[in-house]
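Below is one structure, written out as structure tokens, with a few remarks after it.
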Amino acid sequence: MTRVVVVGDLMTDAVARAKYPLARGSDTPAAVTMHGGGSGANIASWLAIEGIDVAFVGRRGADITGRTRDMELMGYGVDARMVMDPERPTGTCVILVTHKGERTMLTDPGANAALSPEDIPPDLFSPDAHLHVSGYTLLSDTARAGAQTAIQYAEQTRMSISVDAGSRAPLDRAGAESFLEWSAGAKLLFANIEQATVLTGREEPEQAAKVLTAFYPQVVIKLGAEGALWYSNGRPEPVHAPAEPVEAIKGGLGAGDAFTAGFLPSWLASKHPGDALAAGNRLAARSLVELGARPHL
């Protein structure tokens with residue numbers, strides 16, 4: 001079985017679900033819960049519960065929150081290669097979910113922003129492993145060198161490499177040209193349609209996918225309730241797979257990360273892209289009935 005090495009972000013998610021329309025400048029009743037988060041750590045967690053041999057490389061604070069997040073990863077079965085930052089706290093994301101399910105995220109990367117080339121363990125890189133790099137880490141001015149070092153190690157050892165596009169707003173601020181340069185070397189890109197539009201200027205998923213195959217041999221575009229599509233340069237048509245029906249929690253979190261974790265094992269096993277998309281959609285549907293972005297231990 002292929003080992004997957006994930007390099008990326010570890011966060012604590014503070015999720016506030018408003019019960020009524022927001023009373024700006026005043027109080028709104030809400031249900032507030034705390035969860036492990038961070039796109040990279042989420043993907044590693046979902047991979048681990050799927051029985052995949054997975055290592056996660058990241059950075060946390062020397063605080064009780066960081067210790068808790070570290071222990072959670074080990075509880076899932078992740079080989080957690082965390083570097084403890086003596087100055088910065090563990091990253092935190094405040095997620096505000098309105099009564100209609102719309103999400104707004106306020107992010108403090110904390111220790112994630114200090115990931116350095118020295119934090120990347122060379123012993124994790126071998127030809128029979130796969131590297132996945134979180135787009136959030138590539139989009140961070142101060143953590144990017146660490147992510148790119150991982151990509152360089154993977155290229156040197158002939159590992160396969162995938163990346164995701166992070167989040168629309170920081171991707172838009174960085175610019176498409178920069179991100180395409182930073183992620184050079186990846187064989188597979190994961191993006192949702194908003195991120196794909198930022199990268200290509202195309203709003204139609206199939207057109208965006210075809211443009212992106214000029215930079216990545218294979219592209220997966222996540223379409224939410226419409227499922228997902230895969231496209232490879234030279235293929236006559238993209239492969240589509242519908243989303244699984246699910247009674248989702250309002251403002252559900254982590255579906256994109258769970259999708260990536262569902263897709264990768266089938267893809268690494270050289271299964272048909274339709275099967276990999278279906279596996280991704282299955283895990284994404286499962287995530288949408290969880291309160292946080294990770295599976296329950």
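Chain labels run A, B, ... following the order of the structure tokens; each chain numbers its residues from 1, and ligands are numbered from 1 in the order shown.
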What parts of region 85-152 of chain A does DSSP call strand (DSSP E or B)? I'd like the answer as an NGL selection string. :A and (85 or 91-97 or 103-108 or 129-133)
Can you tell me, as a ChimeraX atom specification, what residues are no more than 6 Å from region 129-134 of chain A when counting only C-alpha atoms, ignoring any on the same chain fewer than 3 positions away? /A:2-8,40,126,137,159-164
Distance of CA of Trp267 (chain A) from CA of Arg158 (chain A), expressed in Å to one decimal place: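 Pair CA of Arg158 (chain A) / CA of Trp267 (chain A) returns 16.8 Å.
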Given only C-alpha atoms as the counted atoms, nearest of A:Val211, A:Ile151, A:Leu106, A:Leu138 to Pro122 (chain A):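 For Pro122 (chain A), the nearest of the candidates is A:Ile151.
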Would you mind writing down, as a VMD selection string, each residue of region 56-289 of chain A that DSSP on the backbone assigns to alpha helix (DSSP H)? chain A and resid 64 to 76 135 to 139 144 to 156 168 to 174 176 to 182 193 to 200 205 to 212 255 to 268 273 to 287
Give me the residues within 7 Å of region 280-285 of chain A as a CSV table (one decimal) with C-alpha atoms, in the first residue's frame, counting only C-alpha atoms and dropping any in the same chain fewer than 3 places off.
```
chain,number,residue,atom,x,y,z
A,227,GLY,CA,-20.3,16.0,-7.7
A,243,ALA,CA,-22.5,13.6,-5.5
A,244,GLU,CA,-24.0,11.2,-3.0
A,246,VAL,CA,-27.0,13.3,2.1
A,255,ALA,CA,-16.1,18.0,2.5
A,256,GLY,CA,-13.4,19.1,0.2
A,258,ALA,CA,-12.6,14.4,2.9
A,259,PHE,CA,-13.1,14.2,-0.9
A,260,THR,CA,-9.3,14.4,-1.5
A,261,ALA,CA,-8.7,11.7,1.1
A,262,GLY,CA,-11.3,9.5,-0.6
A,263,PHE,CA,-10.0,10.1,-4.1
A,276,ALA,CA,-11.8,7.4,-7.6
A,277,LEU,CA,-14.3,10.2,-8.0
A,288,LEU,CA,-21.2,16.5,5.8
```
Write out as number ranges by chain which residues come within 12 Å of region 111-120 of chain A when counting only C-alpha atoms, dropping same-chain ones fewer than 5 positions away. A: 5-12, 38-41, 55-63, 65-66, 81-93, 125, 131, 133-134, 136-154
